[in-house]
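**Student:** See protein37.cif below, with mmCIF, C-alpha atoms and all ligand atoms.
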```
data_target
#
loop_
_atom_site.label_atom_id
_atom_site.label_comp_id
_atom_site.auth_asym_id
_atom_site.auth_seq_id
_atom_site.Cartn_x
_atom_site.Cartn_y
_atom_site.Cartn_z
CA MET A 1 -62.38 -54.65 21.02
CA VAL A 2 -62.80 -52.38 18.05
CA LEU A 3 -59.38 -52.09 16.49
CA ALA A 4 -58.57 -48.46 15.66
CA GLY A 5 -57.43 -47.48 12.20
CA SER A 6 -57.88 -49.58 9.08
CA LYS A 7 -55.84 -51.46 6.52
CA LYS A 8 -55.45 -48.16 4.65
CA ASN A 9 -54.60 -46.19 7.77
CA PRO A 10 -52.68 -48.65 9.92
CA ALA A 11 -50.14 -46.54 11.84
CA PHE A 12 -50.32 -45.85 15.59
CA LEU A 13 -48.18 -43.41 17.56
CA ALA A 14 -46.33 -45.40 20.24
CA PRO A 15 -46.12 -44.46 23.90
CA LEU A 16 -42.88 -42.50 24.30
CA ALA A 17 -41.94 -41.30 27.77
CA GLY A 18 -40.97 -37.62 27.69
CA TRP A 19 -42.37 -37.20 24.16
CA THR A 20 -45.97 -38.22 23.60
CA ASP A 21 -47.56 -35.50 25.69
CA LYS A 22 -50.87 -33.96 24.74
CA VAL A 23 -49.21 -31.44 22.43
CA PHE A 24 -47.26 -33.97 20.37
CA ARG A 25 -50.13 -36.49 20.32
CA GLN A 26 -52.46 -33.86 18.88
CA ILE A 27 -49.94 -32.95 16.18
CA CYS A 28 -49.52 -36.61 15.19
CA LYS A 29 -53.25 -37.12 15.27
CA ALA A 30 -53.77 -34.13 12.95
CA LYS A 31 -51.19 -35.70 10.63
CA GLY A 32 -53.15 -38.93 10.49
CA ALA A 33 -52.03 -41.22 13.32
CA ALA A 34 -54.79 -43.82 13.57
CA MET A 35 -54.35 -44.14 17.33
CA VAL A 36 -52.17 -42.49 19.95
CA TYR A 37 -50.99 -43.50 23.43
CA THR A 38 -50.05 -41.55 26.51
CA GLU A 39 -46.55 -41.80 27.91
CA MET A 40 -46.26 -44.68 30.37
CA VAL A 41 -47.50 -43.75 33.80
CA SER A 42 -46.93 -45.63 37.02
CA ALA A 43 -50.02 -47.00 38.74
CA GLU A 44 -48.21 -46.37 42.02
CA GLY A 45 -47.80 -42.67 41.18
CA LEU A 46 -51.49 -42.43 40.32
CA GLN A 47 -52.41 -44.15 43.53
CA HIS A 48 -50.55 -41.50 45.50
CA GLY A 49 -52.25 -38.72 43.57
CA ASN A 50 -48.90 -37.62 42.12
CA ASP A 51 -49.59 -34.49 40.04
CA ARG A 52 -47.10 -35.29 37.31
CA SER A 53 -48.66 -38.76 36.85
CA LEU A 54 -52.15 -37.32 36.66
CA THR A 55 -51.04 -34.74 34.08
CA ILE A 56 -49.71 -37.53 31.86
CA LEU A 57 -53.21 -38.98 31.68
CA ASP A 58 -54.82 -35.71 30.64
CA PHE A 59 -56.18 -35.95 27.09
CA ASP A 60 -58.76 -34.22 24.90
CA THR A 61 -61.59 -35.85 22.95
CA ILE A 62 -59.99 -34.95 19.61
CA GLU A 63 -57.14 -37.35 20.45
CA ARG A 64 -59.43 -40.36 20.44
CA PRO A 65 -58.92 -43.21 19.94
CA ILE A 66 -56.34 -43.01 22.70
CA GLY A 67 -54.70 -45.65 24.88
CA VAL A 68 -53.50 -44.95 28.39
CA GLN A 69 -50.33 -46.85 29.15
CA LEU A 70 -49.78 -48.13 32.66
CA LEU A 71 -46.72 -49.43 34.44
CA VAL A 72 -48.05 -51.86 37.01
CA ALA A 73 -46.26 -54.37 39.19
CA ASP A 74 -49.26 -56.08 40.80
CA ALA A 75 -53.00 -56.44 40.70
CA ASN A 76 -53.58 -54.31 43.80
CA ALA A 77 -51.94 -51.31 42.20
CA PHE A 78 -54.14 -51.82 39.14
CA GLU A 79 -57.27 -52.05 41.26
CA ASN A 80 -56.52 -48.68 42.80
CA THR A 81 -56.43 -47.02 39.38
CA VAL A 82 -59.82 -48.37 38.31
CA PRO A 83 -61.96 -45.41 39.51
CA LEU A 84 -59.67 -42.97 37.68
CA LEU A 85 -59.68 -45.08 34.50
CA ASP A 86 -63.43 -45.31 34.73
CA SER A 87 -63.76 -41.54 34.90
CA LEU A 88 -61.32 -40.98 32.02
CA GLN A 89 -62.72 -43.72 29.77
CA PRO A 90 -59.74 -43.99 27.42
CA ASP A 91 -60.27 -46.27 24.41
CA CYS A 92 -57.99 -48.87 25.96
CA VAL A 93 -55.62 -49.39 28.85
CA ASP A 94 -52.29 -50.78 27.73
CA LEU A 95 -50.08 -52.66 30.19
CA ASN A 96 -46.37 -52.01 29.77
CA PHE A 97 -44.43 -55.30 29.74
CA GLY A 98 -41.41 -53.98 27.92
CA CYS A 99 -39.77 -51.02 29.65
CA PRO A 100 -36.16 -52.05 30.29
CA VAL A 101 -35.21 -49.03 32.43
CA ASN A 102 -33.70 -49.99 35.82
CA LYS A 103 -35.84 -47.55 37.77
CA VAL A 104 -38.91 -49.40 36.47
CA THR A 105 -37.73 -53.04 36.56
CA ARG A 106 -36.39 -52.62 40.11
CA LYS A 107 -39.98 -52.13 41.22
CA GLY A 108 -41.07 -55.30 39.43
CA ALA A 109 -42.86 -53.49 36.58
CA GLY A 110 -42.21 -53.19 32.82
CA ALA A 111 -39.83 -55.78 31.40
CA ALA A 112 -39.27 -57.31 34.86
CA LEU A 113 -42.59 -59.10 34.33
CA LEU A 114 -41.20 -60.90 31.27
CA LYS A 115 -38.97 -62.79 33.67
CA ASP A 116 -41.94 -63.72 35.86
CA PRO A 117 -44.68 -64.87 33.47
CA ASP A 118 -46.93 -66.27 36.22
CA ARG A 119 -47.06 -62.90 37.97
CA MET A 120 -47.58 -61.15 34.63
CA VAL A 121 -50.48 -63.38 33.60
CA THR A 122 -52.14 -63.15 37.03
CA LEU A 123 -51.91 -59.37 36.87
CA ALA A 124 -53.30 -59.32 33.32
CA ALA A 125 -56.20 -61.62 34.22
CA VAL A 126 -57.23 -59.48 37.21
CA ALA A 127 -56.77 -56.26 35.22
CA ALA A 128 -58.82 -57.60 32.28
CA LYS A 129 -61.69 -58.38 34.64
CA MET A 130 -61.56 -55.07 36.50
CA SER A 131 -60.71 -52.70 33.67
CA PRO A 132 -63.61 -50.45 32.68
CA VAL A 133 -62.25 -50.35 29.09
CA PRO A 134 -60.52 -52.94 26.84
CA LEU A 135 -57.15 -54.09 28.12
CA THR A 136 -54.15 -54.46 25.79
CA ALA A 137 -50.45 -55.19 26.37
CA LYS A 138 -47.17 -54.06 24.87
CA MET A 139 -44.19 -56.35 25.29
CA ARG A 140 -40.65 -56.99 24.27
CA LEU A 141 -39.14 -60.42 23.53
CA ALA A 142 -38.73 -62.69 26.53
CA GLU A 143 -35.62 -64.88 26.87
CA SER A 144 -36.51 -67.01 23.85
CA GLU A 145 -39.01 -66.75 21.05
CA LYS A 146 -40.78 -69.87 22.36
CA GLN A 147 -41.24 -68.26 25.75
CA THR A 148 -42.46 -65.01 24.14
CA LEU A 149 -45.13 -66.89 22.21
CA GLU A 150 -46.19 -68.85 25.29
CA ILE A 151 -46.53 -65.65 27.33
CA ALA A 152 -48.55 -63.98 24.59
CA LEU A 153 -50.92 -66.95 24.35
CA ARG A 154 -51.42 -66.86 28.10
CA LEU A 155 -52.10 -63.11 27.98
CA GLN A 156 -54.71 -63.72 25.30
CA ASP A 157 -56.35 -66.41 27.47
CA ALA A 158 -56.25 -63.99 30.41
CA GLY A 159 -58.43 -61.52 28.50
CA VAL A 160 -55.90 -59.16 26.90
CA GLN A 161 -57.56 -57.90 23.71
CA ALA A 162 -54.55 -56.91 21.56
CA ILE A 163 -50.78 -57.31 21.84
CA THR A 164 -48.07 -54.99 20.57
CA LEU A 165 -44.68 -56.64 20.15
CA HIS A 166 -41.40 -54.73 19.99
CA PRO A 167 -39.29 -57.72 19.02
CA ARG A 168 -36.07 -56.92 20.84
CA THR A 169 -34.95 -58.43 24.13
CA VAL A 170 -34.26 -56.25 27.16
CA GLU A 171 -30.55 -56.94 26.67
CA MET A 172 -30.72 -55.62 23.09
CA GLN A 173 -32.20 -52.30 24.35
CA TYR A 174 -32.36 -50.53 20.96
CA SER A 175 -29.40 -52.24 19.28
CA GLY A 176 -29.50 -54.54 16.26
CA ARG A 177 -32.59 -55.01 14.16
CA ALA A 178 -36.08 -55.62 15.52
CA ARG A 179 -36.81 -59.31 14.81
CA TRP A 180 -39.88 -58.96 12.63
CA ASP A 181 -39.99 -62.78 12.14
CA CYS A 182 -41.17 -63.03 15.76
CA ILE A 183 -44.09 -60.70 14.99
CA ALA A 184 -45.01 -63.00 12.08
CA ARG A 185 -45.04 -66.06 14.33
CA LEU A 186 -47.03 -64.22 16.99
CA LYS A 187 -49.62 -63.29 14.38
CA GLN A 188 -49.85 -66.96 13.31
CA ILE A 189 -50.74 -68.20 16.78
CA LEU A 190 -52.94 -65.43 18.24
CA SER A 191 -56.57 -64.74 17.41
CA ILE A 192 -56.51 -61.21 18.94
CA PRO A 193 -55.01 -58.32 16.91
CA VAL A 194 -51.23 -58.05 16.75
CA ILE A 195 -49.58 -54.64 16.46
CA GLY A 196 -46.06 -54.74 15.07
CA ASN A 197 -43.48 -52.29 16.37
CA GLY A 198 -39.82 -51.64 15.68
CA ASP A 199 -37.68 -49.84 13.12
CA ILE A 200 -40.37 -48.24 10.95
CA ARG A 201 -38.95 -45.03 9.49
CA THR A 202 -40.70 -44.80 6.12
CA PRO A 203 -44.03 -45.74 4.55
CA LEU A 204 -42.25 -48.59 2.75
CA ASP A 205 -41.01 -49.92 6.11
CA ALA A 206 -44.62 -49.97 7.33
CA LYS A 207 -45.74 -51.87 4.23
CA ASN A 208 -42.81 -54.29 4.48
CA MET A 209 -43.62 -55.03 8.12
CA ILE A 210 -47.26 -55.76 7.34
CA ASP A 211 -46.40 -57.82 4.24
CA HIS A 212 -43.73 -59.76 6.09
CA THR A 213 -45.56 -60.41 9.35
CA GLY A 214 -49.28 -60.12 8.56
CA CYS A 215 -49.66 -57.88 11.62
CA ASP A 216 -52.93 -55.97 11.92
CA ARG A 217 -51.46 -52.53 12.61
CA VAL A 218 -48.05 -50.94 13.03
CA MET A 219 -46.81 -48.75 15.85
CA ILE A 220 -44.19 -46.04 15.40
CA ALA A 221 -42.00 -44.48 18.08
CA ARG A 222 -38.60 -43.01 17.12
CA GLY A 223 -39.62 -42.59 13.48
CA ALA A 224 -42.21 -40.00 14.54
CA GLN A 225 -39.83 -37.84 16.57
CA GLY A 226 -39.54 -34.52 14.73
CA ASN A 227 -41.43 -36.25 11.94
CA PRO A 228 -45.21 -36.30 12.43
CA TRP A 229 -45.59 -36.30 8.61
CA LEU A 230 -44.76 -40.00 8.63
CA PHE A 231 -48.39 -40.77 9.49
CA GLU A 232 -49.70 -38.67 6.60
CA ARG A 233 -47.22 -40.29 4.23
CA ILE A 234 -48.18 -43.78 5.38
CA ARG A 235 -51.86 -43.04 4.90
CA LEU A 236 -51.23 -41.72 1.38
CA PHE A 237 -48.92 -44.60 0.51
CA PHE A 238 -51.41 -47.21 1.69
CA GLY A 239 -54.31 -45.39 0.02
CA THR A 240 -52.78 -44.44 -3.33
CA GLY A 241 -49.54 -46.41 -3.61
CA SER A 242 -47.42 -43.29 -3.82
CA ASP A 243 -45.31 -41.60 -1.16
CA PRO A 244 -44.94 -37.82 -1.40
CA GLY A 245 -41.65 -38.14 0.50
CA PRO A 246 -40.48 -35.98 3.38
CA PRO A 247 -41.55 -32.31 3.48
CA GLU A 248 -39.30 -29.42 2.47
CA TRP A 249 -37.13 -27.88 5.18
CA GLY A 250 -39.23 -24.71 5.25
CA THR A 251 -42.28 -26.80 6.15
CA VAL A 252 -40.31 -28.68 8.80
CA LEU A 253 -39.18 -25.42 10.39
CA GLU A 254 -42.75 -24.06 10.36
CA MET A 255 -43.98 -27.17 12.13
CA CYS A 256 -41.12 -27.02 14.63
CA HIS A 257 -41.98 -23.37 15.39
CA SER A 258 -45.67 -24.06 15.75
CA HIS A 259 -44.96 -27.12 17.94
CA CYS A 260 -42.84 -24.91 20.24
CA GLN A 261 -45.59 -22.28 20.37
CA LYS A 262 -48.03 -24.96 21.49
CA ILE A 263 -45.58 -26.21 24.11
CA ILE A 264 -45.22 -22.69 25.55
CA ALA A 265 -48.99 -22.21 25.53
CA HIS A 266 -49.49 -25.53 27.32
CA TYR A 267 -46.65 -25.55 29.87
CA GLY A 268 -45.79 -21.87 30.25
CA GLU A 269 -42.42 -20.36 29.37
CA ILE A 270 -40.13 -21.76 32.08
CA ARG A 271 -41.05 -25.41 31.70
CA GLY A 272 -41.82 -25.08 28.00
CA LEU A 273 -38.31 -23.88 27.12
CA LYS A 274 -36.84 -27.05 28.61
CA ILE A 275 -39.36 -29.40 27.04
CA MET A 276 -39.04 -27.98 23.53
CA ARG A 277 -35.29 -28.61 23.22
CA LYS A 278 -35.45 -32.29 22.33
CA HIS A 279 -38.21 -31.66 19.82
CA ILE A 280 -36.21 -28.89 18.12
CA VAL A 281 -33.16 -31.16 17.87
CA SER A 282 -35.29 -33.86 16.22
CA TYR A 283 -36.95 -31.56 13.71
CA ILE A 284 -33.77 -29.86 12.53
CA LYS A 285 -31.64 -32.99 12.18
CA GLY A 286 -30.01 -32.71 8.75
CA MET A 287 -31.43 -29.24 8.06
CA PRO A 288 -29.05 -26.68 6.49
CA HIS A 289 -27.56 -24.41 9.20
CA ALA A 290 -28.91 -26.75 11.89
CA SER A 291 -25.97 -26.51 14.27
CA GLU A 292 -25.82 -22.70 14.10
CA PHE A 293 -29.53 -22.51 14.71
CA ARG A 294 -29.32 -24.91 17.64
CA HIS A 295 -26.47 -22.95 19.25
CA ARG A 296 -28.42 -19.73 18.88
CA ILE A 297 -31.64 -21.14 20.27
CA PHE A 298 -30.09 -22.99 23.19
CA ARG A 299 -28.42 -19.96 24.67
CA GLN A 300 -31.66 -18.00 24.75
CA THR A 301 -33.57 -17.84 27.99
CA GLU A 302 -36.67 -16.13 26.67
CA TRP A 303 -39.29 -17.33 24.24
CA ALA A 304 -39.42 -13.94 22.47
CA ALA A 305 -35.72 -14.23 21.58
CA ILE A 306 -36.21 -17.78 20.32
CA GLN A 307 -39.05 -16.63 18.10
CA GLU A 308 -36.67 -14.10 16.52
CA GLN A 309 -34.27 -16.93 15.74
CA PHE A 310 -37.03 -18.83 13.99
CA VAL A 311 -37.65 -15.79 11.77
CA ILE A 312 -33.94 -15.50 10.94
CA MET A 313 -33.70 -19.19 10.21
CA LYS A 314 -36.75 -19.11 7.94
CA LYS A 315 -35.05 -16.40 5.87
CA ALA A 316 -31.80 -18.34 5.81
CA LEU A 317 -33.55 -21.46 4.53
CA LYS A 318 -35.18 -19.47 1.74
CA SER A 319 -31.99 -17.78 0.59
CA LEU A 320 -29.92 -20.88 1.30
CA GLU A 321 -27.24 -18.58 2.62
CA PHE A 322 -25.58 -18.60 5.99
CA ILE A 323 -26.93 -16.12 8.43
CA PRO A 324 -24.33 -13.35 8.89
CA GLU A 325 -24.96 -12.82 12.60
CA MET A 326 -24.62 -16.48 13.26
CA THR A 327 -21.52 -17.12 11.21
CA SER A 328 -19.67 -14.12 12.64
CA GLU A 329 -20.48 -15.17 16.17
CA LEU A 330 -19.42 -18.71 15.50
CA ALA A 331 -16.21 -17.49 13.91
CA ASN A 332 -15.51 -15.31 16.96
CA GLY A 333 -16.13 -18.29 19.20
CA THR A 334 -18.67 -16.33 21.19
CA VAL A 335 -21.33 -19.01 20.96
CA PRO A 336 -21.17 -21.19 24.05
CA ASP A 337 -21.07 -24.99 23.66
CA HIS A 338 -23.95 -27.08 24.95
C1 LIG B 401 -37.45 -41.98 24.36
C2 LIG B 401 -38.27 -43.25 24.37
C3 LIG B 401 -39.31 -43.37 25.28
C4 LIG B 401 -40.08 -44.55 25.30
N1 LIG B 401 -41.14 -44.64 26.16
C5 LIG B 401 -41.95 -45.73 26.13
C6 LIG B 401 -43.10 -45.81 26.97
O1 LIG B 401 -43.44 -44.89 27.73
N2 LIG B 401 -43.85 -46.96 26.90
C7 LIG B 401 -43.53 -47.99 26.05
O2 LIG B 401 -44.24 -49.00 26.01
N3 LIG B 401 -42.46 -47.91 25.24
C8 LIG B 401 -41.68 -46.82 25.25
N4 LIG B 401 -40.63 -46.74 24.39
C9 LIG B 401 -40.45 -47.80 23.39
C10 LIG B 401 -41.19 -47.45 22.09
O3 LIG B 401 -42.57 -47.32 22.30
C11 LIG B 401 -40.95 -48.53 21.00
O4 LIG B 401 -41.40 -49.76 21.48
C12 LIG B 401 -39.49 -48.65 20.59
O5 LIG B 401 -38.86 -47.40 20.50
C13 LIG B 401 -39.37 -49.37 19.24
O6 LIG B 401 -40.09 -48.71 18.25
P1 LIG B 401 -39.38 -47.74 17.15
O7 LIG B 401 -38.35 -48.57 16.45
O8 LIG B 401 -40.51 -47.29 16.28
O9 LIG B 401 -38.72 -46.64 17.92
C14 LIG B 401 -39.82 -45.60 24.39
C15 LIG B 401 -38.77 -45.46 23.48
C16 LIG B 401 -38.00 -44.32 23.45
C17 LIG B 401 -36.88 -44.20 22.45
#
```
Here is the file; what I need is its structure written in the form of structure tokens.

**Tutor:**
Amino acid sequence: MVLAGSKKNPAFLAPLAGWTDKVFRQICKAKGAAMVYTEMVSAEGLQHGNDRSLTILDFDTIERPIGVQLLVADANAFENTVPLLDSLQPDCVDLNFGCPVNKVTRKGAGAALLKDPDRMVTLAAVAAKMSPVPLTAKMRLAESEKQTLEIALRLQDAGVQAITLHPRTVEMQYSGRARWDCIARLKQILSIPVIGNGDIRTPLDAKNMIDHTGCDRVMIARGAQGNPWLFERIRLFFGTGSDPGPPEWGTVLEMCHSHCQKIIAHYGEIRGLKIMRKHIVSYIKGMPHASEFRHRIFRQTEWAAIQEQFVIMKKALKSLEFIPEMTSELANGTVPDH
């Protein structure tokens, strides 16, 4: 498999359910992500021609290299997706062996497979043979580090061409620190590429992970939410040794506004207004006047009114003064809580 990116541009955008849609992937790509992934999509859903599942797999050529991430519980379900994968020709198909969500594990997919390595390896072996494009896997830690390494070796033998490790157990969910040492040991024993994932928030974090573990590439999830500049910063840092730091708030607001415009253009107003909320919250975290702005935006039901709020907020950021309309409304208690 040709590994996307390079030593100077090593950062991938992780699969993030509810986040890494076509709009966000294209923004991250434009900001320098070396590879992007779709949100996870259930092979079962695809099999039944579920519209929402099919939409998740929709991507444009400019997003390449792109990985399609599948939640699969057994080889049959994978087999049924092969014609679709063949027509889409993503750059790789990534099997999800890490999702800890009950809804997923109940069906025997995601992290449930970590508890059943024989089933996981059989599935991977069949998928590697049938897949029309390179097959990769993304996993969490199994019960012990020893077991994790054994599973990864078996996946490599089964034909998996790269492994991403998010070194937390299912029980840890997102608590504690990702155990980067486990990525280092995985890198020592595998001959296929290892992609390290977990707790990268700055270019220095990316460098530290690579220095500490020797991993071939890094993958970023939460650090990219409301922060697509991280990819640009990493590329600059790895290329020149200097990090320009985070952008000014005015630039962040511009990006937030343009991201929302793209969401509305892609999904239409009704669906778009719902989808954009989480992105807005991420972008404006820590921004001056953020809570006033959020209150104002969240009570609007029309995109035109939200656009007006962006204009007001842009002015407020420039003058660094509170926005009179907002403060008076807040003082009067007329802004509803969300
Ligand atoms: C909201 C959310 C959605 C996620 N969706 C997926 C997913 O669809 N597939 C997957 O393999 N991991 C998913 N993850 C896990 C991330 O890809 C990543 O492994 C994890 O967040 C650790 O990386 P980070 O510290 O950079 O966030 C998700 C995580 C979050 C917070």

**Student:** As a compact mmCIF listing (two decimals) with C-alpha atoms, in the coordinates of the input, please: every protein or nucleic acid residue near ligand LIG 401 (chain B) (cut-off 10 Å, counting all atoms listed in the file).

**Tutor:**
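Listed below is the output, pocket.txt:
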```txt
# COMPACT_ATOMS: atom_id res chain seq x y z
CA PHE A 12 -50.32 -45.85 15.59
CA LEU A 13 -48.18 -43.41 17.56
CA ALA A 14 -46.33 -45.40 20.24
CA PRO A 15 -46.12 -44.46 23.90
CA LEU A 16 -42.88 -42.50 24.30
CA ALA A 17 -41.94 -41.30 27.77
CA GLY A 18 -40.97 -37.62 27.69
CA TRP A 19 -42.37 -37.20 24.16
CA THR A 20 -45.97 -38.22 23.60
CA TYR A 37 -50.99 -43.50 23.43
CA THR A 38 -50.05 -41.55 26.51
CA GLU A 39 -46.55 -41.80 27.91
CA MET A 40 -46.26 -44.68 30.37
CA VAL A 41 -47.50 -43.75 33.80
CA SER A 42 -46.93 -45.63 37.02
CA VAL A 68 -53.50 -44.95 28.39
CA GLN A 69 -50.33 -46.85 29.15
CA LEU A 70 -49.78 -48.13 32.66
CA LEU A 71 -46.72 -49.43 34.44
CA ASP A 94 -52.29 -50.78 27.73
CA LEU A 95 -50.08 -52.66 30.19
CA ASN A 96 -46.37 -52.01 29.77
CA PHE A 97 -44.43 -55.30 29.74
CA GLY A 98 -41.41 -53.98 27.92
CA CYS A 99 -39.77 -51.02 29.65
CA PRO A 100 -36.16 -52.05 30.29
CA VAL A 101 -35.21 -49.03 32.43
CA GLY A 110 -42.21 -53.19 32.82
CA ALA A 111 -39.83 -55.78 31.40
CA ALA A 137 -50.45 -55.19 26.37
CA LYS A 138 -47.17 -54.06 24.87
CA MET A 139 -44.19 -56.35 25.29
CA ARG A 140 -40.65 -56.99 24.27
CA THR A 164 -48.07 -54.99 20.57
CA LEU A 165 -44.68 -56.64 20.15
CA HIS A 166 -41.40 -54.73 19.99
CA PRO A 167 -39.29 -57.72 19.02
CA ARG A 168 -36.07 -56.92 20.84
CA GLN A 173 -32.20 -52.30 24.35
CA TYR A 174 -32.36 -50.53 20.96
CA ARG A 177 -32.59 -55.01 14.16
CA ALA A 178 -36.08 -55.62 15.52
CA GLY A 196 -46.06 -54.74 15.07
CA ASN A 197 -43.48 -52.29 16.37
CA GLY A 198 -39.82 -51.64 15.68
CA ASP A 199 -37.68 -49.84 13.12
CA ILE A 200 -40.37 -48.24 10.95
CA ARG A 201 -38.95 -45.03 9.49
CA VAL A 218 -48.05 -50.94 13.03
CA MET A 219 -46.81 -48.75 15.85
CA ILE A 220 -44.19 -46.04 15.40
CA ALA A 221 -42.00 -44.48 18.08
CA ARG A 222 -38.60 -43.01 17.12
CA GLY A 223 -39.62 -42.59 13.48
CA ALA A 224 -42.21 -40.00 14.54
CA GLN A 225 -39.83 -37.84 16.57
```

**Student:** Can you find the residues with an atom no farther than 8 Å from (-52.3, -36.3, 22.2), counting all atoms listed in the file, and report them as a VMD selection string?

**Tutor:** chain A and resid 20 to 29 36 to 38 59 to 60 63 66

**Student:** With all atoms listed in the file as the basis for distance, which of A:Met209, A:Leu204, A:Val252, A:Ala265 is at the shortest distance from A:Ile280?

**Tutor:**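 Answer, going by the shortest atom-to-atom distance: A:Val252.
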
**Student:** Rounded to one decimal place, report the atom CA of A:Ala73-atom CA of A:Leu3 distance in Å.

**Tutor:**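 About the pair atom CA of A:Ala73 and atom CA of A:Leu3: they are 26.3 Å apart.
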
**Student:** Need to verify the contact set: stretch 305-314 of chain A, 7 Å, all atoms listed in the file, exclusion of same-chain residues closer than 6 positions in sequence. Can you return it as an MDAnalysis selection string?

**Tutor:** chainID A and resid 250 257 293 297

**Student:** Could you tell me how far atom CA of A:Trp303 sits from atom CA of A:Arg271, in Å to one decimal place?

**Tutor:**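 Atom CA of A:Trp303 lies 11.1 Å from atom CA of A:Arg271.
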
**Student:** Go through A:Val2, A:Ile284, A:Val126, A:Leu149 one by one, measure the shortest atom-to-atom distance of each to A:Ala162 using all atoms listed in the file, and give the residue with the smallest value.

**Tutor:**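 Selected residue with least distance to A:Ala162: A:Val2.
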
**Student:** Which residues are close to stretch 84-88 of chain A, i.e. within 9 Å by all atoms listed in the file, leaving aside same-chain residues fewer than 3 positions away? Reply as a list in words.

**Tutor:** Leu46, Leu57, Asp58, Phe59, Val68, Asn80, Thr81, Val93, Ser131, Pro132 and Val133 of chain A

**Student:** Please list, as a PyMOL selection string, the residues that have an atom at most 8 Å away from (-61.5, -45.2, 24.2) in the coordinates of this file, counting all atoms listed in the file.

**Tutor:** chain A and resi 64-67+89-92+133

**Student:** How many Å lie between atom CA of A:Ile189 and atom CA of A:Leu153, rounded to one decimal?

**Tutor:**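 Interatomic distance here is 7.7 Å.
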
**Student:** Skip A:Trp249 itself and residues of its chain fewer than 6 positions away, then list as a list of chain:residue names all residues within 9 Å of it, counting all atoms listed in the file.

**Tutor:** A:Ile284, A:Met287, A:Pro288, A:Leu317

**Student:** Could you dump the residues just selected with C-alpha atoms as a tab-separated table (two decimals), in the frame of the given file?

**Tutor:**
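Generated file (again24.tsv):
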```tsv
chain	number	residue	atom	x	y	z
A	284	ILE	CA	-33.77	-29.86	12.53
A	287	MET	CA	-31.43	-29.24	8.06
A	288	PRO	CA	-29.05	-26.68	6.49
A	317	LEU	CA	-33.55	-21.46	4.53
```

**Student:** Of the residues A:Ala142, A:Met130, A:Met120, A:Ala11, which is the one nearest to A:Pro83, using only C-alpha atoms?

**Tutor:**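 For A:Pro83, the nearest of the candidates is A:Met130.
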
**Student:** Neighbours of A:Asp181 within 10 Å (only C-alpha atoms; same-chain residues fewer than 3 positions away dropped), as a ChimeraX atom specification?

**Tutor:** /A:145,167,178,184-187,209,212-213

**Student:** Only C-alpha atoms, please: the residues just picked out, written as a PDB file, keeping the file's coordinate frame.

**Tutor:**
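Once everything was written out, this is out.pdb:
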```
ATOM      1  CA  GLU A 145     -39.010 -66.750  21.050  1.00  0.00           C
ATOM      2  CA  PRO A 167     -39.290 -57.720  19.020  1.00  0.00           C
ATOM      3  CA  ALA A 178     -36.080 -55.620  15.520  1.00  0.00           C
ATOM      4  CA  ALA A 184     -45.010 -63.000  12.080  1.00  0.00           C
ATOM      5  CA  ARG A 185     -45.040 -66.060  14.330  1.00  0.00           C
ATOM      6  CA  LEU A 186     -47.030 -64.220  16.990  1.00  0.00           C
ATOM      7  CA  LYS A 187     -49.620 -63.290  14.380  1.00  0.00           C
ATOM      8  CA  MET A 209     -43.620 -55.030   8.120  1.00  0.00           C
ATOM      9  CA  HIS A 212     -43.730 -59.760   6.090  1.00  0.00           C
ATOM     10  CA  THR A 213     -45.560 -60.410   9.350  1.00  0.00           C
TER      11      THR A 213
END
```

**Student:** Tell me which of A:Leu230, A:His289, A:Ala304, A:Lys8 sits closest to A:Glu269, counting all atoms listed in the file.

**Tutor:** A:Ala304

**Student:** Would you fill the gaps in stretch 196-204 of chain A so it has N, CA and C atoms, then print it as a PDB file, in the coordinates of the input?

**Tutor:**
```
ATOM      1  N   GLY A 196     -47.508 -54.584  15.239  1.00  0.00           N
ATOM      2  CA  GLY A 196     -46.060 -54.740  15.070  1.00  0.00           C
ATOM      3  C   GLY A 196     -45.352 -53.424  15.336  1.00  0.00           C
ATOM      4  N   ASN A 197     -44.216 -53.509  16.014  1.00  0.00           N
ATOM      5  CA  ASN A 197     -43.480 -52.290  16.370  1.00  0.00           C
ATOM      6  C   ASN A 197     -41.979 -52.557  16.221  1.00  0.00           C
ATOM      7  N   GLY A 198     -41.275 -51.539  15.734  1.00  0.00           N
ATOM      8  CA  GLY A 198     -39.820 -51.640  15.680  1.00  0.00           C
ATOM      9  C   GLY A 198     -39.248 -51.317  14.325  1.00  0.00           C
ATOM     10  N   ASP A 199     -38.488 -50.203  14.284  1.00  0.00           N
ATOM     11  CA  ASP A 199     -37.680 -49.840  13.120  1.00  0.00           C
ATOM     12  C   ASP A 199     -38.472 -49.389  11.896  1.00  0.00           C
ATOM     13  N   ILE A 200     -39.647 -48.796  12.103  1.00  0.00           N
ATOM     14  CA  ILE A 200     -40.370 -48.240  10.950  1.00  0.00           C
ATOM     15  C   ILE A 200     -40.021 -46.761  10.829  1.00  0.00           C
ATOM     16  N   ARG A 201     -39.386 -46.420   9.724  1.00  0.00           N
ATOM     17  CA  ARG A 201     -38.950 -45.030   9.490  1.00  0.00           C
ATOM     18  C   ARG A 201     -39.577 -44.420   8.244  1.00  0.00           C
ATOM     19  N   THR A 202     -40.130 -45.288   7.380  1.00  0.00           N
ATOM     20  CA  THR A 202     -40.700 -44.800   6.120  1.00  0.00           C
ATOM     21  C   THR A 202     -42.006 -45.548   5.841  1.00  0.00           C
ATOM     22  N   PRO A 203     -42.821 -45.006   4.920  1.00  0.00           N
ATOM     23  CA  PRO A 203     -44.030 -45.740   4.550  1.00  0.00           C
ATOM     24  C   PRO A 203     -43.713 -47.145   4.020  1.00  0.00           C
ATOM     25  N   LEU A 204     -42.606 -47.261   3.283  1.00  0.00           N
ATOM     26  CA  LEU A 204     -42.250 -48.590   2.750  1.00  0.00           C
ATOM     27  C   LEU A 204     -41.927 -49.565   3.886  1.00  0.00           C
TER      28      LEU A 204
END
```
